[in-house]
Every structure is written in C-alpha cells, then in structure tokens.
Amino acid sequence: MTIVQLVFAEGARFAAAPLAGKAAFIGVFVALLVWLLLLPPRLIDEQGQRCPWWRNVRFWAVVVTLAQIWVYFYWG
C-alpha cells in the first residue's frame with residue numbers, strides 16, 4: 001500500500017466509530033481533567049508541603065487522564 005492509501009484507510013477507520021459514543025467517553029475524561037485541575041491543593045496534600053513533580057499525585061493523575069483522552073480519541 002502506498003502512504004496515501006494508508007492515510008485514507010486510517011481516516012475511514014476513524015470515521016467509522018459512532019461519534020456520540022466517542023464524545024461521551026472523551027467528555028467523561030475531560031470533566032475529570034477539569035475537576036483535577038480545579039481541585040484545591042489542601043484536598044490532595046494533608047501536610048501542605050509542596051513535593052517534586054515526580055511525586056505529585058495531581059501531576060500523574062492529569063497525565064493519565066490526558067493519555068485516556070488520547071486513547072479514546074484515537075482508538076475509540
């Protein structure tokens with residue numbers, strides 16, 4: 001297959017998924033992302049100390065949520 005055929009085949013596969021179902025799954029994760037970003041820090045860390053990014057629970061929750069949004073958008 002040529003690259004053009006692969007692009008068109010991928011586009012057809014992407015368009016085959018029901019749009020409403022895909023939007024519903026992505027919408028759930030977008031709502032979760034907004035909630036994670038607006039969540040007060042006092043509800044995450046009881047001690048009130050700032051920790052490095054690699055130990056930050058909110059950071060990793062946002063990364064996982066963005067990964068889920070991408071997965072449902074691409075393969076949904």
# chains A, B, ... in the order shown; residues from 1 in each chain; ligands from 1
call {"tool": "residues_around", "arguments": {"residues": "segment 42-47 of chain A", "least_positions_apart": "3", "cutoff": "8 Å", "atoms": "only C-alpha atoms", "output": "JSON list (two decimals) with N, CA and C atoms, in the first residue's frame"}}
result
[["chain", "number", "residue", "atom", "x", "y", "z"],
["A", 39, "LEU", "N", -9.20, 21.21, 41.56],
["A", 39, "LEU", "CA", -9.21, 20.66, 42.91],
["A", 39, "LEU", "C", -8.26, 21.45, 43.82],
["A", 57, "VAL", "N", 0.86, 13.81, 43.09],
["A", 57, "VAL", "CA", -0.27, 12.97, 42.71],
["A", 57, "VAL", "C", -1.11, 13.64, 41.62],
["A", 58, "ARG", "N", -1.33, 14.92, 41.74],
["A", 58, "ARG", "CA", -2.14, 15.64, 40.75],
["A", 58, "ARG", "C", -1.48, 15.58, 39.37]]
call {"tool": "residues_around", "arguments": {"residues": "Ile69 of chain A", "least_positions_apart": "6", "cutoff": "8 Å", "atoms": "only C-alpha atoms", "output": "ChimeraX atom specification"}}
result
/A:26,29-30
call {"tool": "residues_around", "arguments": {"residues": "Phe59 of chain A", "least_positions_apart": "5", "cutoff": "12 Å", "atoms": "only C-alpha atoms", "output": "ChimeraX atom specification"}}
result
/A:33,36-37,39,41,44,51-54,64-66
call {"tool": "closest_residue", "arguments": {"among": "A:Val34, A:Gly27, A:Trp75, A:Gln49", "to": "Ala61 of chain A", "atoms": "only C-alpha atoms"}}
result
A:Val34
call {"tool": "select_by_dssp", "arguments": {"residues": "segment 21-58 of chain A", "states": "helix (DSSP H, G or I)", "output": "mmCIF file with N, CA and C atoms, in the first residue's frame"}}
result
data_model
loop_
_atom_site.group_PDB
_atom_site.id
_atom_site.type_symbol
_atom_site.label_atom_id
_atom_site.label_comp_id
_atom_site.auth_asym_id
_atom_site.auth_seq_id
_atom_site.Cartn_x
_atom_site.Cartn_y
_atom_site.Cartn_z
ATOM 1 N N GLY A 21 -20.857 8.115 20.894
ATOM 2 C CA GLY A 21 -20.203 7.269 21.890
ATOM 3 C C GLY A 21 -18.799 7.735 22.187
ATOM 4 N N LYS A 22 -18.093 8.101 21.141
ATOM 5 C CA LYS A 22 -16.729 8.599 21.314
ATOM 6 C C LYS A 22 -16.747 9.900 22.117
ATOM 7 N N ALA A 23 -17.673 10.789 21.807
ATOM 8 C CA ALA A 23 -17.768 12.066 22.521
ATOM 9 C C ALA A 23 -18.151 11.857 23.983
ATOM 10 N N ALA A 24 -18.991 10.865 24.260
ATOM 11 C CA ALA A 24 -19.386 10.595 25.641
ATOM 12 C C ALA A 24 -18.191 10.122 26.464
ATOM 13 N N PHE A 25 -17.416 9.184 25.939
ATOM 14 C CA PHE A 25 -16.248 8.702 26.676
ATOM 15 C C PHE A 25 -15.221 9.806 26.871
ATOM 16 N N ILE A 26 -14.964 10.572 25.825
ATOM 17 C CA ILE A 26 -13.997 11.662 25.941
ATOM 18 C C ILE A 26 -14.519 12.731 26.895
ATOM 19 N N GLY A 27 -15.814 12.999 26.861
ATOM 20 C CA GLY A 27 -16.406 14.000 27.752
ATOM 21 C C GLY A 27 -16.244 13.655 29.219
ATOM 22 N N VAL A 28 -16.345 12.376 29.548
ATOM 23 C CA VAL A 28 -16.148 11.949 30.941
ATOM 24 C C VAL A 28 -14.732 12.275 31.387
ATOM 25 N N PHE A 29 -13.756 11.997 30.545
ATOM 26 C CA PHE A 29 -12.370 12.253 30.921
ATOM 27 C C PHE A 29 -12.029 13.736 30.892
ATOM 28 N N VAL A 30 -12.681 14.501 30.034
ATOM 29 C CA VAL A 30 -12.481 15.955 30.043
ATOM 30 C C VAL A 30 -13.043 16.544 31.332
ATOM 31 N N ALA A 31 -14.194 16.054 31.772
ATOM 32 C CA ALA A 31 -14.758 16.515 33.050
ATOM 33 C C ALA A 31 -13.824 16.158 34.209
ATOM 34 N N LEU A 32 -13.265 14.962 34.176
ATOM 35 C CA LEU A 32 -12.300 14.560 35.202
ATOM 36 C C LEU A 32 -11.075 15.452 35.170
ATOM 37 N N LEU A 33 -10.589 15.794 33.988
ATOM 38 C CA LEU A 33 -9.430 16.663 33.855
ATOM 39 C C LEU A 33 -9.708 18.041 34.446
ATOM 40 N N VAL A 34 -10.863 18.597 34.151
ATOM 41 C CA VAL A 34 -11.228 19.906 34.707
ATOM 42 C C VAL A 34 -11.298 19.832 36.228
ATOM 43 N N TRP A 35 -11.909 18.759 36.748
ATOM 44 C CA TRP A 35 -12.007 18.587 38.196
ATOM 45 C C TRP A 35 -10.616 18.476 38.829
ATOM 46 N N LEU A 36 -9.722 17.725 38.214
ATOM 47 C CA LEU A 36 -8.363 17.583 38.749
ATOM 48 C C LEU A 36 -7.621 18.909 38.746
ATOM 49 N N LEU A 37 -7.814 19.703 37.716
ATOM 50 C CA LEU A 37 -7.116 20.986 37.636
ATOM 51 C C LEU A 37 -7.679 22.018 38.606
ATOM 52 N N LEU A 38 -8.960 21.914 38.940
ATOM 53 C CA LEU A 38 -9.586 22.886 39.841
ATOM 54 C C LEU A 38 -9.620 22.435 41.300
ATOM 55 N N PRO A 41 -5.486 22.361 46.495
ATOM 56 C CA PRO A 41 -4.323 21.589 46.937
ATOM 57 C C PRO A 41 -4.488 20.990 48.327
ATOM 58 N N ARG A 42 -5.278 21.623 49.185
ATOM 59 C CA ARG A 42 -5.437 21.106 50.547
ATOM 60 C C ARG A 42 -6.156 19.762 50.574
ATOM 61 N N LEU A 43 -6.907 19.445 49.513
ATOM 62 C CA LEU A 43 -7.582 18.160 49.448
ATOM 63 C C LEU A 43 -6.665 17.040 48.954
ATOM 64 N N TRP A 53 7.760 17.309 41.235
ATOM 65 C CA TRP A 53 6.750 16.924 40.248
ATOM 66 C C TRP A 53 6.615 15.421 40.113
ATOM 67 N N TRP A 54 7.694 14.666 40.269
ATOM 68 C CA TRP A 54 7.607 13.221 40.083
ATOM 69 C C TRP A 54 6.920 12.520 41.254
ATOM 70 N N ARG A 55 6.671 13.236 42.348
ATOM 71 C CA ARG A 55 5.934 12.675 43.486
ATOM 72 C C ARG A 55 4.574 13.346 43.657
ATOM 73 N N VAL A 57 0.863 13.808 43.088
ATOM 74 C CA VAL A 57 -0.274 12.969 42.706
ATOM 75 C C VAL A 57 -1.108 13.640 41.623
ATOM 76 N N ARG A 58 -1.332 14.917 41.738
ATOM 77 C CA ARG A 58 -2.140 15.638 40.752
ATOM 78 C C ARG A 58 -1.485 15.583 39.371
#
